[in-house]
$ cat data35.pdb   # PDB, C-alpha atoms, pLDDT in the B column
ATOM      1  CA  MET A 198       0.000   0.000   0.000  1.00 55.00           C
ATOM      2  CA  ILE A 199       1.139   3.526  -0.701  1.00 71.00           C
ATOM      3  CA  ASP A 200       0.752   6.590   1.457  1.00 82.00           C
ATOM      4  CA  LEU A 201       1.331   9.839  -0.407  1.00 86.00           C
ATOM      5  CA  ASN A 202       1.734  13.283   1.173  1.00 87.00           C
ATOM      6  CA  TRP A 203       2.317  16.487  -0.784  1.00 89.00           C
ATOM      7  CA  THR A 204       1.886  20.248  -0.863  1.00 89.00           C
ATOM      8  CA  ARG A 205       0.356  22.263  -3.701  1.00 89.00           C
ATOM      9  CA  ASP A 206       3.865  23.072  -4.978  1.00 91.00           C
ATOM     10  CA  GLU A 207       4.784  19.381  -5.039  1.00 90.00           C
ATOM     11  CA  ALA A 208       1.706  18.268  -7.028  1.00 89.00           C
ATOM     12  CA  ASN A 209       2.607  16.816 -10.419  1.00 89.00           C
ATOM     13  CA  ALA A 210       1.052  14.946 -13.336  1.00 89.00           C
ATOM     14  CA  GLU A 211       2.842  11.685 -12.613  1.00 83.00           C
ATOM     15  CA  GLU A 212       0.258   8.927 -12.262  1.00 85.00           C
ATOM     16  CA  PHE A 213       0.010   6.593  -9.290  1.00 81.00           C
ATOM     17  CA  PRO A 214      -1.333   3.004  -9.345  1.00 81.00           C
ATOM     18  CA  HIS A 215      -4.903   2.575 -10.626  1.00 81.00           C
ATOM     19  CA  GLU A 216      -5.959   0.704  -7.477  1.00 84.00           C
ATOM     20  CA  ALA A 217      -5.176   3.839  -5.421  1.00 88.00           C
ATOM     21  CA  VAL A 218      -7.614   6.126  -7.270  1.00 89.00           C
ATOM     22  CA  PRO A 219      -9.483   7.991  -4.499  1.00 91.00           C
ATOM     23  CA  GLN A 220     -13.168   7.326  -3.923  1.00 90.00           C
ATOM     24  CA  ARG A 221     -13.535   9.988  -1.228  1.00 91.00           C
ATOM     25  CA  PHE A 222     -12.383  13.588  -0.974  1.00 90.00           C
ATOM     26  CA  VAL A 223     -12.212  14.880   2.599  1.00 89.00           C
ATOM     27  CA  VAL A 224     -11.449  18.459   3.603  1.00 88.00           C
ATOM     28  CA  THR A 225     -10.180  18.562   7.161  1.00 87.00           C
ATOM     29  CA  GLU A 226      -9.613  21.658   9.273  1.00 86.00           C
ATOM     30  CA  ALA A 227      -6.965  21.035  11.900  1.00 88.00           C
ATOM     31  CA  LEU A 228      -6.401  23.379  14.810  1.00 87.00           C
ATOM     32  CA  VAL A 229      -2.826  24.266  15.632  1.00 89.00           C
ATOM     33  CA  ILE A 230      -3.304  25.212  19.268  1.00 87.00           C
ATOM     34  CA  THR A 231      -0.281  26.706  20.957  1.00 86.00           C
ATOM     35  CA  ARG A 232       0.526  28.335  24.242  1.00 84.00           C
ATOM     36  CA  ASN A 233       3.543  30.412  25.078  1.00 83.00           C
ATOM     37  CA  LEU A 234       5.259  29.651  28.378  1.00 83.00           C
ATOM     38  CA  GLY A 235       7.767  32.485  28.197  1.00 82.00           C
ATOM     39  CA  THR A 236      10.848  30.537  27.180  1.00 84.00           C
ATOM     40  CA  SER A 237       9.085  27.884  25.107  1.00 83.00           C
ATOM     41  CA  THR A 238       6.002  27.308  22.998  1.00 86.00           C
ATOM     42  CA  GLU A 239       3.865  24.201  23.400  1.00 87.00           C
ATOM     43  CA  LEU A 240       1.592  22.456  20.906  1.00 89.00           C
ATOM     44  CA  PHE A 241      -1.659  20.707  21.897  1.00 90.00           C
ATOM     45  CA  LEU A 242      -2.135  17.154  20.560  1.00 92.00           C
ATOM     46  CA  THR A 243      -4.956  14.647  21.058  1.00 90.00           C
ATOM     47  CA  ASN A 244      -5.325  10.880  20.706  1.00 91.00           C
ATOM     48  CA  PRO A 245      -9.071  10.508  20.069  1.00 88.00           C
ATOM     49  CA  THR A 246      -9.146   6.804  19.125  1.00 86.00           C
ATOM     50  CA  PRO A 247      -6.316   4.869  20.778  1.00 88.00           C
ATOM     51  CA  GLU A 248      -8.133   1.582  20.180  1.00 89.00           C
ATOM     52  CA  LYS A 249      -8.271   2.237  16.404  1.00 84.00           C
ATOM     53  CA  TRP A 250      -5.497   4.584  15.192  1.00 83.00           C
ATOM     54  CA  ASN A 251      -3.495   5.354  18.349  1.00 90.00           C
ATOM     55  CA  HIS A 252      -1.646   8.444  17.089  1.00 90.00           C
ATOM     56  CA  TRP A 253      -1.132  11.928  18.500  1.00 91.00           C
ATOM     57  CA  ILE A 254      -2.926  14.302  16.146  1.00 91.00           C
ATOM     58  CA  LEU A 255      -4.087  17.900  16.041  1.00 91.00           C
ATOM     59  CA  PRO A 256      -7.719  18.523  17.020  1.00 88.00           C
ATOM     60  CA  PHE A 257      -9.722  18.499  13.782  1.00 86.00           C
ATOM     61  CA  ARG A 258     -13.119  18.660  12.183  1.00 82.00           C
ATOM     62  CA  THR A 259     -14.245  17.261   8.863  1.00 82.00           C
ATOM     63  CA  ALA A 260     -15.435  20.243   6.849  1.00 79.00           C
ATOM     64  CA  MET A 261     -16.442  18.219   3.758  1.00 80.00           C
ATOM     65  CA  ASP A 262     -16.611  14.519   2.890  1.00 82.00           C
ATOM     66  CA  ILE A 263     -17.565  13.871  -0.726  1.00 85.00           C
ATOM     67  CA  ALA A 264     -17.777  10.522  -2.536  1.00 86.00           C
ATOM     68  CA  SER A 265     -16.356  10.367  -6.031  1.00 86.00           C
ATOM     69  CA  ASP A 266     -16.299   7.894  -8.877  1.00 84.00           C
ATOM     70  CA  GLU A 267     -14.092  10.020 -11.117  1.00 85.00           C
ATOM     71  CA  LEU A 268     -10.964   8.387 -12.455  1.00 84.00           C
ATOM     72  CA  ILE A 269      -8.338  10.725 -11.002  1.00 88.00           C
ATOM     73  CA  SER A 270      -4.848   9.298 -10.890  1.00 84.00           C
ATOM     74  CA  SER A 271      -2.318  12.118 -10.462  1.00 91.00           C
ATOM     75  CA  LEU A 272      -1.486  14.428  -7.569  1.00 91.00           C
ATOM     76  CA  ASN A 273      -2.072  17.475  -9.752  1.00 91.00           C
ATOM     77  CA  ALA A 274      -5.544  16.229 -10.738  1.00 92.00           C
ATOM     78  CA  ILE A 275      -6.424  15.596  -7.077  1.00 92.00           C
ATOM     79  CA  THR A 276      -5.260  19.082  -6.085  1.00 91.00           C
ATOM     80  CA  ASN A 277      -7.326  20.637  -8.898  1.00 91.00           C
ATOM     81  CA  ARG A 278     -10.366  18.549  -7.934  1.00 89.00           C
ATOM     82  CA  PHE A 279     -10.139  19.841  -4.361  1.00 89.00           C
ATOM     83  CA  ASP A 280     -10.054  23.419  -5.701  1.00 87.00           C
ATOM     84  CA  ALA A 281     -13.309  22.766  -7.591  1.00 87.00           C
ATOM     85  CA  ILE A 282     -14.984  21.015  -4.640  1.00 82.00           C
ATOM     86  CA  GLU A 283     -14.062  23.783  -2.215  1.00 80.00           C
ATOM     87  CA  ALA A 284     -15.196  26.526  -4.604  1.00 79.00           C
ATOM     88  CA  ALA A 285     -18.571  24.796  -5.001  1.00 77.00           C
ATOM     89  CA  HIS A 286     -19.000  24.189  -1.263  1.00 69.00           C
ATOM     90  CA  ALA A 287     -17.483  27.323   0.216  1.00 64.00           C
ATOM     91  CA  GLY A 288     -17.975  26.906   3.957  1.00 57.00           C
ATOM     92  CA  SER A 289     -17.381  28.937   7.042  1.00 49.00           C
ATOM     93  CA  ILE A 290     -14.554  28.716   9.518  1.00 48.00           C
ATOM     94  CA  GLY A 291     -15.375  26.404  12.369  1.00 51.00           C
ATOM     95  CA  THR A 292     -15.942  27.479  15.920  1.00 50.00           C
ATOM     96  CA  ALA A 293     -14.657  25.753  19.039  1.00 48.00           C
ATOM     97  CA  GLY A 294     -17.914  23.784  19.288  1.00 51.00           C
ATOM     98  CA  ASP A 295     -17.362  22.284  15.821  1.00 66.00           C
ATOM     99  CA  TYR A 296     -14.351  20.292  16.970  1.00 70.00           C
ATOM    100  CA  PRO A 297     -15.695  17.004  18.383  1.00 68.00           C
ATOM    101  CA  HIS A 298     -12.704  16.179  20.589  1.00 73.00           C
ATOM    102  CA  LEU A 299     -12.660  19.484  22.477  1.00 72.00           C
ATOM    103  CA  VAL A 300     -14.881  20.766  25.243  1.00 65.00           C
ATOM    104  CA  ALA A 301     -16.399  23.934  23.814  1.00 54.00           C
ATOM    105  CA  SER A 302     -14.603  26.894  25.242  1.00 56.00           C
ATOM    106  CA  VAL A 303     -13.990  30.432  24.174  1.00 49.00           C
ATOM    107  CA  PHE A 304     -11.028  30.907  21.895  1.00 56.00           C
ATOM    108  CA  ALA A 305     -10.553  32.545  18.538  1.00 59.00           C
ATOM    109  CA  ILE A 306      -9.758  30.544  15.431  1.00 67.00           C
ATOM    110  CA  SER A 307      -7.717  32.377  12.846  1.00 65.00           C
ATOM    111  CA  GLY A 308      -9.324  32.785   9.451  1.00 65.00           C
ATOM    112  CA  GLU A 309      -5.904  32.507   7.873  1.00 77.00           C
ATOM    113  CA  ILE A 310      -4.596  29.161   6.784  1.00 85.00           C
ATOM    114  CA  LEU A 311      -1.227  28.630   8.451  1.00 88.00           C
ATOM    115  CA  PHE A 312      -0.340  25.700   6.193  1.00 91.00           C
ATOM    116  CA  GLU A 313      -2.049  23.223   3.890  1.00 91.00           C
ATOM    117  CA  ASN A 314      -1.134  19.848   2.477  1.00 92.00           C
ATOM    118  CA  TYR A 315      -2.690  16.789   0.880  1.00 92.00           C
ATOM    119  CA  SER A 316      -2.613  13.098   1.622  1.00 91.00           C
ATOM    120  CA  LEU A 317      -3.748   9.952  -0.188  1.00 91.00           C
ATOM    121  CA  LYS A 318      -4.305   6.974   2.100  1.00 89.00           C
ATOM    122  CA  TYR A 319      -6.275   3.794   2.281  1.00 89.00           C
ATOM    123  CA  SER A 320      -9.046   4.230   4.833  1.00 85.00           C
ATOM    124  CA  HIS A 321      -9.507   0.936   6.656  1.00 80.00           C
ATOM    125  CA  THR A 322     -12.597   2.369   8.349  1.00 79.00           C
ATOM    126  CA  ASN A 323     -14.350   3.020   5.021  1.00 82.00           C
ATOM    127  CA  ASN A 324     -12.492   0.397   2.986  1.00 88.00           C
ATOM    128  CA  LYS A 325     -11.751   3.024   0.300  1.00 90.00           C
ATOM    129  CA  TRP A 326      -8.861   5.069  -0.988  1.00 92.00           C
ATOM    130  CA  THR A 327      -9.345   8.521   0.462  1.00 92.00           C
ATOM    131  CA  THR A 328      -7.600  11.769  -0.292  1.00 92.00           C
ATOM    132  CA  TYR A 329      -7.440  14.536   2.284  1.00 92.00           C
ATOM    133  CA  HIS A 330      -6.873  18.266   2.043  1.00 92.00           C
ATOM    134  CA  PHE A 331      -5.632  19.424   5.436  1.00 92.00           C
ATOM    135  CA  LEU A 332      -6.130  23.093   6.287  1.00 89.00           C
ATOM    136  CA  TYR A 333      -4.240  24.134   9.411  1.00 91.00           C
ATOM    137  CA  ARG A 334      -5.577  27.114  11.366  1.00 86.00           C
ATOM    138  CA  GLN A 335      -3.770  28.545  14.363  1.00 84.00           C
ATOM    139  CA  THR A 336      -5.194  29.561  17.697  1.00 79.00           C
ATOM    140  CA  ASN A 337      -3.582  30.439  21.018  1.00 68.00           C
ATOM    141  CA  VAL A 338      -5.182  29.324  24.236  1.00 68.00           C
ATOM    142  CA  CYS A 339      -4.094  28.820  27.821  1.00 59.00           C
ATOM    143  CA  ASN A 340      -6.969  26.849  29.287  1.00 67.00           C
ATOM    144  CA  LEU A 341      -8.323  23.976  27.224  1.00 74.00           C
ATOM    145  CA  THR A 342     -10.051  20.708  27.985  1.00 75.00           C
ATOM    146  CA  ALA A 343     -10.279  17.740  25.662  1.00 80.00           C
ATOM    147  CA  LYS A 344     -12.838  14.926  25.699  1.00 82.00           C
ATOM    148  CA  VAL A 345     -10.066  12.499  24.724  1.00 88.00           C
ATOM    149  CA  ALA A 346      -6.454  11.808  25.700  1.00 89.00           C
ATOM    150  CA  SER A 347      -4.416  14.965  25.169  1.00 89.00           C
ATOM    151  CA  ILE A 348      -0.972  16.379  25.819  1.00 91.00           C
ATOM    152  CA  TRP A 349       0.921  19.663  25.565  1.00 89.00           C
ATOM    153  CA  VAL A 350       4.327  19.163  23.923  1.00 88.00           C
ATOM    154  CA  SER A 351       7.176  21.635  23.604  1.00 86.00           C
ATOM    155  CA  LEU A 352       7.880  22.511  19.966  1.00 83.00           C
ATOM    156  CA  ASP A 353      11.547  21.962  20.780  1.00 78.00           C
ATOM    157  CA  GLU A 354      10.767  18.267  21.435  1.00 78.00           C
ATOM    158  CA  LEU A 355       8.991  17.858  18.109  1.00 74.00           C
ATOM    159  CA  VAL A 356      11.955  17.694  15.789  1.00 59.00           C
ATOM    160  CA  ASP A 357      11.860  15.875  12.488  1.00 48.00           C
ATOM    161  CA  VAL A 358      13.497  12.495  12.804  1.00 48.00           C
ATOM    162  CA  PRO A 359      14.948  10.501   9.868  1.00 46.00           C
ATOM    163  CA  GLY A 360      12.147   8.372   8.488  1.00 45.00           C
ATOM    164  CA  GLY A 361       9.490  10.695   9.891  1.00 46.00           C
ATOM    165  CA  LYS A 362       8.844   8.571  12.972  1.00 51.00           C
ATOM    166  CA  LYS A 363       8.470  10.307  16.316  1.00 78.00           C
ATOM    167  CA  SER A 364       6.531   9.239  19.361  1.00 81.00           C
ATOM    168  CA  ILE A 365       5.524  10.598  22.734  1.00 83.00           C
ATOM    169  CA  LEU A 366       4.760   8.268  25.615  1.00 84.00           C
ATOM    170  CA  GLU A 367       5.274   5.358  23.196  1.00 85.00           C
ATOM    171  CA  THR A 368       2.482   6.648  20.917  1.00 89.00           C
ATOM    172  CA  PRO A 369       3.381   7.777  17.388  1.00 89.00           C
ATOM    173  CA  ILE A 370       2.819  11.336  16.208  1.00 88.00           C
ATOM    174  CA  SER A 371       0.736  11.562  13.031  1.00 86.00           C
ATOM    175  CA  GLN A 372       2.727  12.194   9.846  1.00 82.00           C
ATOM    176  CA  ASN A 373       0.771  15.360   9.035  1.00 84.00           C
ATOM    177  CA  VAL A 374       1.933  16.918  12.340  1.00 87.00           C
ATOM    178  CA  ILE A 375       5.543  16.104  11.406  1.00 83.00           C
ATOM    179  CA  ASP A 376       4.944  17.527   7.898  1.00 82.00           C
ATOM    180  CA  LEU A 377       3.471  20.726   9.343  1.00 86.00           C
ATOM    181  CA  LEU A 378       6.378  21.285  11.713  1.00 84.00           C
ATOM    182  CA  SER A 379       9.020  20.437   9.106  1.00 80.00           C
ATOM    183  CA  HIS A 380       8.269  23.702   7.292  1.00 76.00           C
ATOM    184  CA  VAL A 381      10.614  26.280   8.782  1.00 64.00           C
ATOM    185  CA  GLY A 382       8.267  29.221   8.133  1.00 73.00           C
ATOM    186  CA  VAL A 383       5.444  27.510  10.029  1.00 80.00           C
ATOM    187  CA  ARG A 384       7.687  26.647  12.958  1.00 72.00           C
ATOM    188  CA  LYS A 385       8.995  30.233  13.210  1.00 75.00           C
ATOM    189  CA  GLN A 386       5.449  31.599  13.097  1.00 77.00           C
ATOM    190  CA  LEU A 387       4.348  29.258  15.890  1.00 77.00           C
ATOM    191  CA  GLN A 388       7.314  30.187  18.069  1.00 72.00           C
ATOM    192  CA  GLY A 389       7.034  33.913  17.277  1.00 66.00           C
TER
END
$ encode --input "data35.pdb" --output "structure tokens"
Amino acid sequence: MIDLNWTRDEANAEEFPHEAVPQRFVVTEALVITRNLGTSTELFLTNPTPEKWNHWILPFRTAMDIASDELISSLNAITNRFDAIEAAHAGSIGTAGDYPHLVASVFAISGEILFENYSLKYSHTNNKWTTYHFLYRQTNVCNLTAKVASIWVSLDELVDVPGGKKSILETPISQNVIDLLSHVGVRKQLQG
């Protein structure tokens, strides 16, 4: 099985295997929640389904989930398809209550997209190839409660490791968190 991750700039016309043609397009808004402790900045991660996925991830909400039977087999075509889907279904920015793993509290979600990337994976839950467009929005908060396992982690601890594997408390960190933090501009903005 393949797992592909890319940014808009990395999208190309090279085709991937026919069996990996996506049947679902999912737009996911992920919250990049940070808090500044004076000398360091911490990032908030959750583990909402340890029995199923068991990964530290950013709090998220599914903004759109659309089935597709189109024969799309290149990263560039997927990226363009997301542009069309999002233009046709222009939605609003979520509020704290839209994020199912967080206890609704008052904090502001930035309208700006801090970072975005795409992923093509096989969804074992839906038994389908699924492609994701991750939109990362930043918010700062000091007091936050999650309905699931959660942890605050110093950005200094979250360094990219050869092979992309990193874990906390023996639980892996999701690849999209590693991808987000591997972009120097994003990391500087979070620490700034």
$ residues_around --input "data35.pdb" --residues "Phe257 in chain A" --least-positions-apart "3" --cutoff "10 Å" --atoms "all atoms listed in the file" --output "PyMOL selection string"
chain A and resi 225-229+243+254+260+291+295-299+331-334
$ resolve_selection --input "data35.pdb" --expression "the PyMOL selection byres ((chain A and resi 313) around 9)" --output "CSV table (one decimal) with C-alpha atoms, in the frame of the given file"
chain,number,residue,atom,x,y,z
A,204,THR,CA,1.9,20.2,-0.9
A,205,ARG,CA,0.4,22.3,-3.7
A,310,ILE,CA,-4.6,29.2,6.8
A,311,LEU,CA,-1.2,28.6,8.5
A,312,PHE,CA,-0.3,25.7,6.2
A,314,ASN,CA,-1.1,19.8,2.5
A,315,TYR,CA,-2.7,16.8,0.9
A,330,HIS,CA,-6.9,18.3,2.0
A,331,PHE,CA,-5.6,19.4,5.4
A,332,LEU,CA,-6.1,23.1,6.3
A,333,TYR,CA,-4.2,24.1,9.4
A,377,LEU,CA,3.5,20.7,9.3
$ residues_around --input "data35.pdb" --residues "range 265-277 of chain A" --least-positions-apart "6" --cutoff "9 Å" --atoms "only C-alpha atoms" --output "PyMOL selection string"
chain A and resi 201+203-205+207-215+217-222+315+317+328+330
$ resolve_selection --input "data35.pdb" --expression "the PyMOL selection byres ((chain A and resi 380) around 12)" --output "list of chain:residue names"
A:Thr204, A:Leu311, A:Phe312, A:Glu313, A:Asn314, A:Val356, A:Asp357, A:Asn373, A:Val374, A:Ile375, A:Asp376, A:Leu377, A:Leu378, A:Ser379, A:Val381, A:Gly382, A:Val383, A:Arg384, A:Lys385, A:Gln386, A:Leu387
$ atom_distance --input "data35.pdb" --atom1 "CA of Gln372 in chain A" --atom2 "CA of Ile348 in chain A"
16.9 Å
$ axis_aligned_box --input "data35.pdb" --around "range 219-232 of chain A" --padding-each-side "3 Å" --output "JSON"
{"center_x": -6.5, "center_y": 17.8, "center_z": 9.9, "size_x": 20.1, "size_y": 27.0, "size_z": 34.7}
$ atom_distance --input "data35.pdb" --atom1 "CA of Trp349 in chain A" --atom2 "CA of Lys318 in chain A"
27.2 Å
